[in-house]
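Data block below; observations after.
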Amino acid sequence: MIKTFVKCIREYKLPTILTLFFIILEVFLEVLIPTRTADLVNAIKAGDPMGGVVKMGLILVAMALLSLCCGGSAGFMGAKASAGFAKNVRGDVFRRIQSFSFENIDKYSTASLVTRLTTDITNVQMAFMMTIRAAVRAPLMFVFSIVMAWRMGGSLAATFLVIVPVLLIGLIAIARKAMPAFHSVFRRYDRMNESIEENVRGMRVVKGFARENYEKEKFAAASGSIAKDFTKAERIVALNNPLMTLCMNFNMVFVLLVGAKLIVTNQGRTIDVGQISAMLTYGMQILMSLMMISMIYVMMTISWESMKRITEVLKEEPSLHNPENPVTEVADGSIDFTDVSFKYSSEAEKNALEDIDLHIPSGATVGILGGTGSSKTTLIQLIPRLYDVTEGSVKVGGVDVRDYDLNTLRSAVSVVLQKNQLFSGTVRENLRWGDPDATDEEIREACKLAQADEFVLAHEEGYDRHIEQGGTNVSGGQRQRLCIARALLKKPKILILDDSTSAVDTRTDALIRQGFREYIPETTKIIIAQRVASVEDADLILVMDNGRIVERGTHEELMKAGGIYQEIYRQQTKGGEEDA
């Protein structure tokens with residue numbers, strides 16, 4: 001895991017190394033300053049000439065300024081290194097998520113991925129900053145201060161044999177006690193983010209059912225759980241301060257009492273006032289170093305959990321890969337399913353698709369009907385290789401989809417899914433997701449085919465109208481038509497509409513299908529629908545049930561067969577037939 005994160009430093013190695021260099025130099029100067037201060041105090045006490053005292057004072061000022069510059073430089077370089085490191089980690093995680101197949105994405109909730117990209121990476125950034133600064137500074141300061149204190153104070157440094165073990169044991173006990181609460185916070189963050197995401201996305205539903213109070217209570221419960229865990233942890237960590245104060249006061253009293261006695265009894269021959277002041281300073285440095293080490297321990301433990309969650313994403317191998325010598329051209333829109341069976345995971349007890357054999361010639365129009373859960377969407381997701389088949393093969397243009405370059409295959413297949421997604425930006429920017437180089441004329445032509453041109457131009461801003469995130473400021477039918485237009489701009493060899501005209505009226509639906517027949521006759525069109533009217537003029541109609549194709553044929557053939565299709569047709573046209 002550490003190796004994974006070290007690789008993310010990359011171009012920020014120099015700022016990282018410079019941070020360490022400046023920290024070491026700063027610690028060296030800070031440890032020397034008390035020694036020079038002791039010499040200055042003793043010189044003043046001894047009545048040395050003013051010139052010598054001023055010179056020693058100027059040296060102290062220069063050392064302090066140099067230490068300040070080193071600290072400032074370390075802060076500047078550390079901020080640059082940690083921010084750059086976090087940028088690289090965030091970029092690596094985001095790119096890894098973009099490479100995921102649907103199978104990989106199914107393992108994580110959206111809220112969990114957002115938490116990992118935000119809160120977890122922020123924790124790791126802070127840990128990195130602490131590692132290259134405090135985690136180097138505190139141990140060095142601790143060791144150097146003890147060495148210098150022993151060198152200057154001799155037996156007086158025995159005080160550290162008492163307070164260091166007491167403080168060290170106390171801080172470790174406090175940190176270990178607080179850890180379980182910090183560990184549980186991240187899972188609670190995921191649940192809270194899921195609550196927020198659901199509420200924001202479903203705001204209209206919440207208000208439509210007057211469930212605002214319920215959502216407030218749900219959020220308050222999630223937020224309260226986080227606050228409870230943090231409060232528990234912070235209460236324990238807060239014990240650091242009184243423990244630290246106790247040790248500092250003990251050190252001060254011991255050094256002053258014992259030091260004063262030694263000065264009086266030995267008349268300053270073994271230890272003098274300057275050494276006592278230095279011992280007090282070194283004592284403070286040692287105790288503050290221990291305090292910082294304990295905080296580093298707490299922060300590192302929190303960050304370790306974040307690091308594991310981030311590494312989990314970075315180590316997640318995409319289940320779909322390009323072959324070694326991929327095919328980079330799709331000949332036509334023909335589709336062949338041969339003995340295809342599929343299940344979403346190896347642990348699944350039942351196949352989602354079973355024994356699918358199907359041939360669709362290029363340019364054909366295919367309609368798919370079936371009840372909820374009959375695996376209609378699962379079937380079409382195998383065509384652009386959003387999932388790989390468990391058994392059998394799927395061919396597009398006569399080539400197994402697993403032999404294609406993924407970008408080539410998916411560029412040749414346009415899928416308008418059930419959940420139509422528009423992004424924040426103008427209508428034109430959204431449509432150019434289909435083709436970034438599309439001209440205004442091509443955009444209008446696609447919108448005309450999708451029956452979207454009229455309502456777009458009805459708005460005063462036309463194609464420059466701003467679309468809110470998720471397309472919340474357009475109706476469901478308008479959103480569907482814009483998504484169809486966007487798919488058409490790809491000029492695909494295969495166009496798949498997954499129940500994507502359900503929100504438009506039957507007349508508009510008919511006009512869209514008429515446009516397809518007239519303007520893109522060579523494109524293979526697959527239409528998943530709930531309305532028989534949307535597929536009755538198709539070249540081939542499939543009826544699916546429980547992951548199998550139970551009926552196939554044209555409208556006339558299926559009506560004669562007297563099966564499920566005929567039953568659906570009669571249910572949807574019952575009133576009209578009785579009137580006739």
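Naming scheme: A, B, ... for chains in displayed order of the structure tokens; residues 1 onward per chain; ligands 1 onward as shown.
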Excluding same-chain residues fewer than 4 positions from Ala134 of chain A, what lies within 12 Å of it counting only C-alpha atoms, as a PyMOL selection string? chain A and resi 19-20+23-24+26-27+71+74-75+78+126-130+138-142+288-297+299-300
Selection from above, C-alpha atoms, as a compact mmCIF listing (two decimals), in the first residue's frame, can you write it?
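After the write, out-v4.txt holds the following:
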```txt
# COMPACT_ATOMS: atom_id res chain seq x y z
CA THR A 19 10.94 19.86 2.73
CA LEU A 20 12.88 17.14 4.55
CA ILE A 23 13.04 20.46 8.43
CA ILE A 24 16.35 18.81 9.42
CA GLU A 26 15.43 23.87 11.28
CA VAL A 27 15.60 21.20 14.01
CA GLY A 71 10.58 26.60 8.80
CA ALA A 74 9.67 23.74 4.73
CA GLY A 75 6.05 24.91 5.03
CA GLY A 78 5.54 20.85 2.12
CA MET A 126 -2.83 15.68 5.66
CA ALA A 127 -1.00 12.47 6.55
CA PHE A 128 1.53 13.07 3.77
CA MET A 129 2.08 16.64 4.94
CA MET A 130 2.52 15.39 8.51
CA ALA A 138 9.22 15.45 16.12
CA PRO A 139 11.49 12.36 16.40
CA LEU A 140 14.60 14.37 15.47
CA MET A 141 13.73 17.07 17.97
CA PHE A 142 13.08 14.45 20.63
CA MET A 288 6.17 18.91 22.68
CA SER A 289 7.90 16.36 20.46
CA LEU A 290 6.21 13.52 22.32
CA MET A 291 2.89 15.34 22.09
CA MET A 292 3.37 15.75 18.35
CA ILE A 293 4.35 12.08 17.96
CA SER A 294 1.11 11.03 19.67
CA MET A 295 -0.93 13.29 17.37
CA ILE A 296 0.94 11.86 14.39
CA TYR A 297 0.01 8.39 15.62
CA MET A 299 -3.65 11.07 12.44
CA MET A 300 -1.77 8.23 10.79
```
Report as an MDAnalysis selection string: the residues of segment 459-579 of chain A with a DSSP assignment of alpha helix (DSSP H), based on the backbone of this structure. chainID A and resid 476:488 506:519 555:561 564:572 574:579
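When only C-alpha atoms are used to compute distances to Gly425 of chain A, the closest of the residues A:Glu305, A:Asp509, A:Asp440, A:Asp464 turns out to be A:Asp464.
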Taking into account only C-alpha atoms, which residue in the set A:Arg191, A:Ile549, A:Asn473, A:Asp400 is nearest to Gly224 of chain A? A:Arg191
Please provide as a ChimeraX atom specification all residues within 10 Å of segment 561-575 of chain A, with the sequence filter that same-chain residues fewer than 6 positions apart are discarded (counting only C-alpha atoms). /A:369-370,530-533,536,541-545,550-553,555
The residue from A:Leu379, A:Ala210, A:Ala220, A:Ile174 with the smallest atom-to-atom distance to Ile196 of chain A, counting only C-alpha atoms, is A:Ala220
One number please: atom CA of Val401 of chain A to atom CA of Arg95 of chain A, in Å, one decimal. 23.3 Å
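In the backbone-derived DSSP annotation, strand (DSSP E or B) within segment 389-526 of chain A comprises Glu391, Gly392, Ser393, Val394, Lys395, Val396, Val399, Asp400, Tyr404, Val413, Ser414, Val415, Val416, Gly425, Thr426, His466, Ile467, Ile494, Leu495, Ile496, Leu497, Asp498, Thr524, Lys525 and Ile526 of chain A.
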Write the selection just made, keeping N, CA and C atoms, as a JSON list (two decimals), in the first residue's frame?
```json
[["chain", "number", "residue", "atom", "x", "y", "z"],
["A", 391, "GLU", "N", -20.95, -17.45, -20.93],
["A", 391, "GLU", "CA", -20.80, -18.56, -21.88],
["A", 391, "GLU", "C", -21.22, -18.08, -23.26],
["A", 392, "GLY", "N", -20.67, -18.69, -24.30],
["A", 392, "GLY", "CA", -21.03, -18.34, -25.67],
["A", 392, "GLY", "C", -20.28, -17.12, -26.17],
["A", 393, "SER", "N", -20.83, -16.49, -27.19],
["A", 393, "SER", "CA", -20.16, -15.33, -27.78],
["A", 393, "SER", "C", -21.18, -14.35, -28.35],
["A", 394, "VAL", "N", -20.77, -13.08, -28.39],
["A", 394, "VAL", "CA", -21.54, -12.01, -29.03],
["A", 394, "VAL", "C", -20.66, -11.42, -30.11],
["A", 395, "LYS", "N", -21.16, -11.35, -31.33],
["A", 395, "LYS", "CA", -20.41, -10.80, -32.45],
["A", 395, "LYS", "C", -21.11, -9.55, -32.99],
["A", 396, "VAL", "N", -20.32, -8.56, -33.34],
["A", 396, "VAL", "CA", -20.80, -7.36, -34.01],
["A", 396, "VAL", "C", -19.99, -7.21, -35.29],
["A", 399, "VAL", "N", -17.42, -10.03, -35.89],
["A", 399, "VAL", "CA", -16.25, -10.16, -35.02],
["A", 399, "VAL", "C", -16.71, -10.23, -33.57],
["A", 400, "ASP", "N", -16.11, -11.16, -32.82],
["A", 400, "ASP", "CA", -16.43, -11.27, -31.39],
["A", 400, "ASP", "C", -16.12, -9.93, -30.71],
["A", 404, "TYR", "N", -12.48, -6.67, -30.19],
["A", 404, "TYR", "CA", -12.44, -5.27, -30.61],
["A", 404, "TYR", "C", -11.68, -4.40, -29.61],
["A", 413, "VAL", "N", -21.49, 1.83, -31.32],
["A", 413, "VAL", "CA", -22.76, 1.46, -30.69],
["A", 413, "VAL", "C", -23.23, 2.63, -29.82],
["A", 414, "SER", "N", -24.38, 3.19, -30.12],
["A", 414, "SER", "CA", -24.97, 4.24, -29.28],
["A", 414, "SER", "C", -26.08, 3.64, -28.45],
["A", 415, "VAL", "N", -25.98, 3.83, -27.15],
["A", 415, "VAL", "CA", -26.99, 3.30, -26.24],
["A", 415, "VAL", "C", -27.65, 4.46, -25.50],
["A", 416, "VAL", "N", -28.96, 4.55, -25.61],
["A", 416, "VAL", "CA", -29.72, 5.51, -24.81],
["A", 416, "VAL", "C", -30.39, 4.69, -23.71],
["A", 425, "GLY", "N", -24.49, 22.46, -18.52],
["A", 425, "GLY", "CA", -23.93, 23.10, -19.71],
["A", 425, "GLY", "C", -25.05, 23.45, -20.67],
["A", 426, "THR", "N", -24.71, 23.94, -21.84],
["A", 426, "THR", "CA", -25.73, 24.30, -22.81],
["A", 426, "THR", "C", -26.26, 23.05, -23.52],
["A", 466, "HIS", "N", -29.14, 26.91, -21.10],
["A", 466, "HIS", "CA", -28.36, 26.20, -20.09],
["A", 466, "HIS", "C", -29.17, 25.03, -19.52],
["A", 467, "ILE", "N", -28.53, 23.88, -19.46],
["A", 467, "ILE", "CA", -29.14, 22.69, -18.87],
["A", 467, "ILE", "C", -28.54, 22.49, -17.48],
["A", 494, "ILE", "N", -24.91, 0.80, -34.75],
["A", 494, "ILE", "CA", -25.98, 0.18, -33.97],
["A", 494, "ILE", "C", -26.54, 1.23, -33.01],
["A", 495, "LEU", "N", -27.83, 1.41, -33.03],
["A", 495, "LEU", "CA", -28.50, 2.35, -32.13],
["A", 495, "LEU", "C", -29.45, 1.56, -31.23],
["A", 496, "ILE", "N", -29.26, 1.71, -29.91],
["A", 496, "ILE", "CA", -30.08, 0.98, -28.94],
["A", 496, "ILE", "C", -30.86, 1.98, -28.10],
["A", 497, "LEU", "N", -32.17, 1.84, -28.10],
["A", 497, "LEU", "CA", -33.03, 2.68, -27.27],
["A", 497, "LEU", "C", -33.63, 1.80, -26.18],
["A", 498, "ASP", "N", -33.16, 1.98, -24.97],
["A", 498, "ASP", "CA", -33.62, 1.15, -23.85],
["A", 498, "ASP", "C", -34.78, 1.85, -23.14],
["A", 524, "THR", "N", -28.41, -0.41, -37.57],
["A", 524, "THR", "CA", -29.22, -1.42, -36.86],
["A", 524, "THR", "C", -29.85, -0.74, -35.65],
["A", 525, "LYS", "N", -31.16, -0.91, -35.53],
["A", 525, "LYS", "CA", -31.90, -0.23, -34.46],
["A", 525, "LYS", "C", -32.55, -1.26, -33.55],
["A", 526, "ILE", "N", -32.25, -1.16, -32.27],
["A", 526, "ILE", "CA", -32.85, -2.05, -31.27],
["A", 526, "ILE", "C", -33.66, -1.20, -30.31]]
```
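Compared by their closest atoms to Gly333 of chain A, and using only C-alpha atoms, the residues A:Val237, A:Leu25, A:Val164, A:Ile383 rank with A:Ile383 nearest.
We find atom CA of Ile302 of chain A and atom CA of Tyr108 of chain A to be spaced 21.1 Å apart.
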d(atom CA of Met192 of chain A, atom CA of Lys315 of chain A) in Å: 25.3 Å
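Nearest to Val389 of chain A of all the residues A:Phe28, A:Tyr344, A:Tyr189, A:Phe94 is A:Tyr344, counting only C-alpha atoms.
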